[in-house]
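Raw contents of upload-v4.cif, mmCIF, C-alpha atoms:
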data_query
#
loop_
_atom_site.label_atom_id
_atom_site.label_comp_id
_atom_site.auth_asym_id
_atom_site.auth_seq_id
_atom_site.Cartn_x
_atom_site.Cartn_y
_atom_site.Cartn_z
CA MET A 1 -7.47 43.05 -3.30
CA LEU A 2 -4.79 40.57 -2.31
CA GLN A 3 -2.65 41.45 0.63
CA PRO A 4 1.08 41.23 0.06
CA PHE A 5 2.69 38.27 1.82
CA ARG A 6 4.22 39.45 5.09
CA ARG A 7 7.16 37.71 6.62
CA GLY A 8 7.22 38.76 10.18
CA ILE A 9 6.65 37.59 13.70
CA SER A 10 3.33 39.16 14.40
CA GLY A 11 0.20 37.74 15.97
CA GLY A 12 -1.41 34.37 15.30
CA ASP A 13 0.50 33.81 12.08
CA PHE A 14 3.76 33.40 14.00
CA ARG A 15 2.17 31.09 16.58
CA GLN A 16 0.67 28.92 13.84
CA ARG A 17 3.97 28.67 11.96
CA ALA A 18 5.84 27.88 15.19
CA LEU A 19 3.34 25.17 16.12
CA THR A 20 3.53 23.71 12.61
CA LYS A 21 7.34 23.75 12.68
CA LEU A 22 7.39 22.12 16.14
CA THR A 23 4.97 19.43 14.98
CA VAL A 24 7.11 18.67 11.93
CA ILE A 25 10.33 18.58 13.99
CA ASN A 26 8.77 16.32 16.61
CA SER A 27 7.40 14.01 13.92
CA LEU A 28 10.82 13.75 12.30
CA LEU A 29 12.39 12.95 15.67
CA GLY A 30 9.81 10.26 16.33
CA HIS A 31 8.06 12.13 19.13
CA PRO A 32 4.49 12.95 18.15
CA PHE A 33 3.33 16.31 19.49
CA LEU A 34 0.13 16.38 21.52
CA GLN A 35 -0.94 13.02 20.20
CA SER A 36 -2.04 9.90 22.00
CA LEU A 37 -0.65 6.54 20.94
CA HIS A 38 -2.89 3.54 20.35
CA VAL A 39 -0.88 1.42 22.81
CA LYS A 40 -0.51 1.72 26.55
CA VAL A 41 1.62 0.21 29.28
CA GLY A 42 0.35 -3.27 30.07
CA ASP A 43 -0.92 -4.06 26.56
CA LYS A 44 -0.17 -7.69 25.60
CA ALA A 45 -0.28 -9.84 22.50
CA GLU A 46 0.83 -13.32 21.50
CA LEU A 47 0.82 -15.88 18.72
CA THR A 48 1.53 -19.61 18.58
CA LYS A 49 3.54 -21.56 16.00
CA ALA A 50 5.20 -24.95 15.59
CA PHE A 51 8.14 -24.88 13.16
CA THR A 52 8.63 -27.85 10.84
CA GLN A 53 11.96 -29.12 9.53
CA ASN A 54 10.83 -27.75 6.16
CA ASP A 55 10.48 -24.26 7.76
CA VAL A 56 14.04 -24.57 9.07
CA ALA A 57 15.35 -25.71 5.66
CA THR A 58 13.55 -22.85 3.89
CA PHE A 59 15.00 -20.33 6.35
CA SER A 60 18.43 -21.83 5.76
CA ASP A 61 18.00 -21.49 1.99
CA LEU A 62 16.84 -17.88 2.30
CA THR A 63 19.63 -16.76 4.65
CA GLY A 64 22.51 -19.04 3.74
CA ASP A 65 22.81 -20.24 7.36
CA THR A 66 23.62 -23.88 6.65
CA ASN A 67 24.90 -24.75 10.11
CA PRO A 68 24.42 -28.55 10.32
CA LEU A 69 23.12 -28.15 13.87
CA HIS A 70 19.87 -27.01 12.23
CA LEU A 71 19.85 -29.26 9.17
CA ASN A 72 21.75 -32.51 9.72
CA GLU A 73 20.18 -34.96 12.17
CA ASP A 74 23.34 -37.13 12.37
CA PHE A 75 25.52 -34.11 13.16
CA ALA A 76 23.01 -32.74 15.69
CA LYS A 77 22.70 -36.13 17.50
CA LYS A 78 26.35 -35.78 18.52
CA SER A 79 25.80 -32.25 19.89
CA ARG A 80 24.68 -31.22 23.38
CA PHE A 81 21.15 -30.85 21.96
CA GLY A 82 20.78 -34.42 20.72
CA ARG A 83 18.86 -33.44 17.61
CA THR A 84 18.42 -30.54 15.19
CA ILE A 85 17.28 -27.22 16.61
CA VAL A 86 15.40 -24.25 15.17
CA HIS A 87 17.50 -21.18 14.30
CA GLY A 88 17.32 -18.57 17.06
CA VAL A 89 16.72 -15.82 14.53
CA LEU A 90 13.77 -17.77 13.13
CA ILE A 91 12.29 -17.90 16.64
CA ASN A 92 12.94 -14.17 16.96
CA GLY A 93 10.96 -13.67 13.76
CA LEU A 94 7.84 -14.64 15.69
CA ILE A 95 8.38 -11.58 17.89
CA SER A 96 8.55 -9.41 14.77
CA ALA A 97 5.26 -10.97 13.65
CA VAL A 98 3.57 -10.25 17.00
CA LEU A 99 4.79 -6.65 16.99
CA GLY A 100 3.98 -5.93 13.35
CA THR A 101 0.58 -7.60 13.16
CA LYS A 102 -0.93 -7.59 16.63
CA MET A 103 0.61 -5.06 19.02
CA PRO A 104 1.61 -2.28 18.49
CA GLY A 105 0.64 -3.37 14.97
CA GLN A 106 0.95 -2.11 11.42
CA GLY A 107 3.40 0.70 10.86
CA CYS A 108 5.56 0.10 13.92
CA VAL A 109 9.31 0.09 13.36
CA PHE A 110 11.64 -2.34 15.18
CA LEU A 111 14.50 -0.20 16.56
CA SER A 112 16.54 -2.44 18.84
CA GLN A 113 16.54 -5.62 20.85
CA GLU A 114 18.37 -7.32 23.67
CA ILE A 115 17.51 -11.02 23.71
CA ARG A 116 18.83 -14.34 24.92
CA PHE A 117 18.14 -17.97 24.14
CA PRO A 118 18.22 -19.97 27.40
CA ALA A 119 17.08 -23.28 25.85
CA PRO A 120 16.77 -24.82 22.38
CA LEU A 121 13.57 -25.07 20.38
CA TYR A 122 13.09 -28.34 18.51
CA THR A 123 11.02 -28.69 15.36
CA GLY A 124 7.45 -29.68 16.14
CA GLU A 125 7.40 -27.98 19.55
CA GLU A 126 4.58 -25.45 19.75
CA VAL A 127 5.95 -22.11 20.91
CA VAL A 128 4.02 -19.09 22.21
CA ALA A 129 5.57 -15.75 21.27
CA ALA A 130 4.43 -13.05 23.70
CA ALA A 131 4.94 -9.30 24.02
CA GLU A 132 3.98 -6.82 26.75
CA VAL A 133 4.43 -3.04 26.75
CA LYS A 134 6.47 -2.11 29.83
CA ARG A 135 7.19 1.56 29.17
CA LEU A 136 6.34 4.33 26.71
CA LYS A 137 8.61 7.29 26.06
CA GLY A 138 7.24 9.54 23.36
CA SER A 139 6.49 7.28 20.43
CA ILE A 140 8.97 4.61 21.58
CA ALA A 141 7.54 1.50 23.25
CA HIS A 142 9.78 -0.66 25.45
CA ILE A 143 8.37 -4.16 25.18
CA SER A 144 9.18 -7.33 27.10
CA VAL A 145 9.20 -10.35 24.79
CA SER A 146 9.41 -14.10 25.26
CA CYS A 147 8.93 -17.37 23.43
CA LYS A 148 7.92 -20.36 25.56
CA VAL A 149 7.10 -23.92 24.62
CA GLN A 150 3.42 -24.54 25.18
CA GLY A 151 2.77 -27.14 27.85
CA SER A 152 6.25 -27.35 29.38
CA GLY A 153 6.71 -23.58 29.72
CA LYS A 154 10.35 -23.95 28.64
CA THR A 155 11.67 -20.49 27.72
CA VAL A 156 13.51 -20.57 24.40
CA MET A 157 13.88 -16.80 23.93
CA GLU A 158 13.39 -13.74 26.14
CA GLY A 159 14.37 -10.10 26.22
CA MET A 160 13.42 -6.49 25.62
CA VAL A 161 12.81 -4.66 22.38
CA LYS A 162 12.20 -1.04 21.43
CA VAL A 163 9.80 -0.13 18.66
CA MET A 164 8.66 3.16 17.23
CA VAL A 165 4.89 3.12 17.38
CA SER A 166 2.93 4.28 14.35
CA ASP A 167 1.06 7.52 14.84
CA SER A 168 -2.04 6.24 13.09
#

Could I get this file's structure written as structure tokens?
Amino acid sequence: MLQPFRRGISGGDFRQRALTKLTVINSLLGHPFLQSLHVKVGDKAELTKAFTQNDVATFSDLTGDTNPLHLNEDFAKKSRFGRTIVHGVLINGLISAVLGTKMPGQGCVFLSQEIRFPAPLYTGEEVVAAAEVKRLKGSIAHISVSCKVQGSGKTVMEGMVKVMVSDS
């Protein structure tokens, strides 16, 4: 015989429902409950890329950023940089690639960033995009990021980002 469904606060049923509700609430808030993340403080990852003028032109076409500093060699020669430079946001895209494909990896969500561009990146320069987990708070990773020209070590981008780490 089936027992009628009881809505009450008795015994293990209440504890199970409370634990389930807490797990759902914590998941919605981005704080996994009693779960270990697959990243830890000190984890590092990097990738290397050299942008071509064609990469810069494609980015310009996709975004509508047609600033001649990036596209027109004659214009750029007269600037403080002396030649065309790679868009800062294109450089920053390398950080997104590191975070989304290497560490923390698939399923992470970029929440915020505070970055600066202390020097220009020229097309053809090979840049190393690097990330290192500095702090974890719940499912949020605080990650130090930088992009440096290989060989010279010139820093073209640096800062901190926050990402929500995937729970899988």

Could you give me, as a list in words, the residues within 7 Å of range 42-53 of chain A, counting only C-alpha atoms and dropping anything in the same chain fewer than 4 positions from it?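 These residues fall inside the cut-off: Ala57, Val98, Lys102, Met103, Thr123, Gly124, Glu125, Glu126, Val127, Val128, Ala129, Ala130, Ala131, Glu132, Val133 and Lys134 of chain A.
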
Hits from the PyMOL selection byres ((chain A and resi 88) around 9), listed as a PDB file with C-alpha atoms, in the coordinates of the input:
ATOM      1  CA  ILE A  85      17.280 -27.220  16.610  1.00  0.00           C
ATOM      2  CA  VAL A  86      15.400 -24.250  15.170  1.00  0.00           C
ATOM      3  CA  HIS A  87      17.500 -21.180  14.300  1.00  0.00           C
ATOM      4  CA  VAL A  89      16.720 -15.820  14.530  1.00  0.00           C
ATOM      5  CA  LEU A  90      13.770 -17.770  13.130  1.00  0.00           C
ATOM      6  CA  ILE A  91      12.290 -17.900  16.640  1.00  0.00           C
ATOM      7  CA  ASN A  92      12.940 -14.170  16.960  1.00  0.00           C
ATOM      8  CA  GLY A  93      10.960 -13.670  13.760  1.00  0.00           C
ATOM      9  CA  PHE A 117      18.140 -17.970  24.140  1.00  0.00           C
ATOM     10  CA  PRO A 120      16.770 -24.820  22.380  1.00  0.00           C
ATOM     11  CA  LEU A 121      13.570 -25.070  20.380  1.00  0.00           C
ATOM     12  CA  VAL A 156      13.510 -20.570  24.400  1.00  0.00           C
ATOM     13  CA  MET A 157      13.880 -16.800  23.930  1.00  0.00           C
TER      14      MET A 157
END

Selection result of the PyMOL selection byres ((chain A and resi 160) around 8) on this file, as a ChimeraX atom specification: /A:113-115,142-145,158-159,161-162

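As for CA of Ser152 in chain A and CA of Ala76 in chain A, they are spaced 22.3 Å apart.
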
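Computed from the coordinates, the CA of Asp61 in chain A to CA of Ser79 in chain A distance equals 22.3 Å.
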
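CA of Asn54 in chain A is found 21.4 Å from CA of Lys78 in chain A.
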
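The environment of Phe81 in chain A within 12 Å, counting all atoms listed in the file and disregarding residues fewer than 6 places along the same chain, consists of Leu69, His70, Glu73, Asp74, Phe75, Ala119, Pro120, Leu121 and Tyr122 of chain A.
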
Given the file shown, determine the residues that the PyMOL selection byres ((chain A and resi 104) around 8) selects; report them as a JSON list (two decimals) with C-alpha atoms, in the coordinates of the input.
[["chain", "number", "residue", "atom", "x", "y", "z"],
["A", 38, "HIS", "CA", -2.89, 3.54, 20.35],
["A", 39, "VAL", "CA", -0.88, 1.42, 22.81],
["A", 99, "LEU", "CA", 4.79, -6.65, 16.99],
["A", 100, "GLY", "CA", 3.98, -5.93, 13.35],
["A", 101, "THR", "CA", 0.58, -7.60, 13.16],
["A", 102, "LYS", "CA", -0.93, -7.59, 16.63],
["A", 103, "MET", "CA", 0.61, -5.06, 19.02],
["A", 105, "GLY", "CA", 0.64, -3.37, 14.97],
["A", 106, "GLN", "CA", 0.95, -2.11, 11.42],
["A", 108, "CYS", "CA", 5.56, 0.10, 13.92],
["A", 165, "VAL", "CA", 4.89, 3.12, 17.38],
["A", 166, "SER", "CA", 2.93, 4.28, 14.35]]

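Minimum atom-to-atom distances from A:Gly151, A:Arg80, A:Pro118, A:Gly107 to Asp167 in chain A were compared using all atoms listed in the file, and the lowest value belongs to A:Gly107.
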
Taking into account only C-alpha atoms, which residue in the set A:Val56, A:Leu94, A:Leu71, A:Leu62 is nearest to Lys148 in chain A?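 When distances to Lys148 in chain A are compared using only C-alpha atoms, the smallest one comes from A:Leu94.
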
Padding 3 Å on each side, edges along x, y and z: where is the centre of the box around the listed atoms of range 130-143 of chain A, and how long are its edges in Å to one decimal? Output it as lines of an AutoDock Vina configuration file.
center_x = 6.9
center_y = -1.8
center_z = 25.1
size_x = 11.8
size_y = 28.6
size_z = 15.4

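Take the candidates A:Met164, A:Ile95, A:Phe59, A:Gln150 and check each one against Leu136 in chain A using all atoms listed in the file; the shortest distance goes to A:Met164.
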
For each of A:Asn72, A:Ser146, A:Thr63, A:Ser139, take the minimum atom-to-atom distance to Lys40 in chain A, counting all atoms listed in the file, then give the residue where this is smallest. A:Ser139
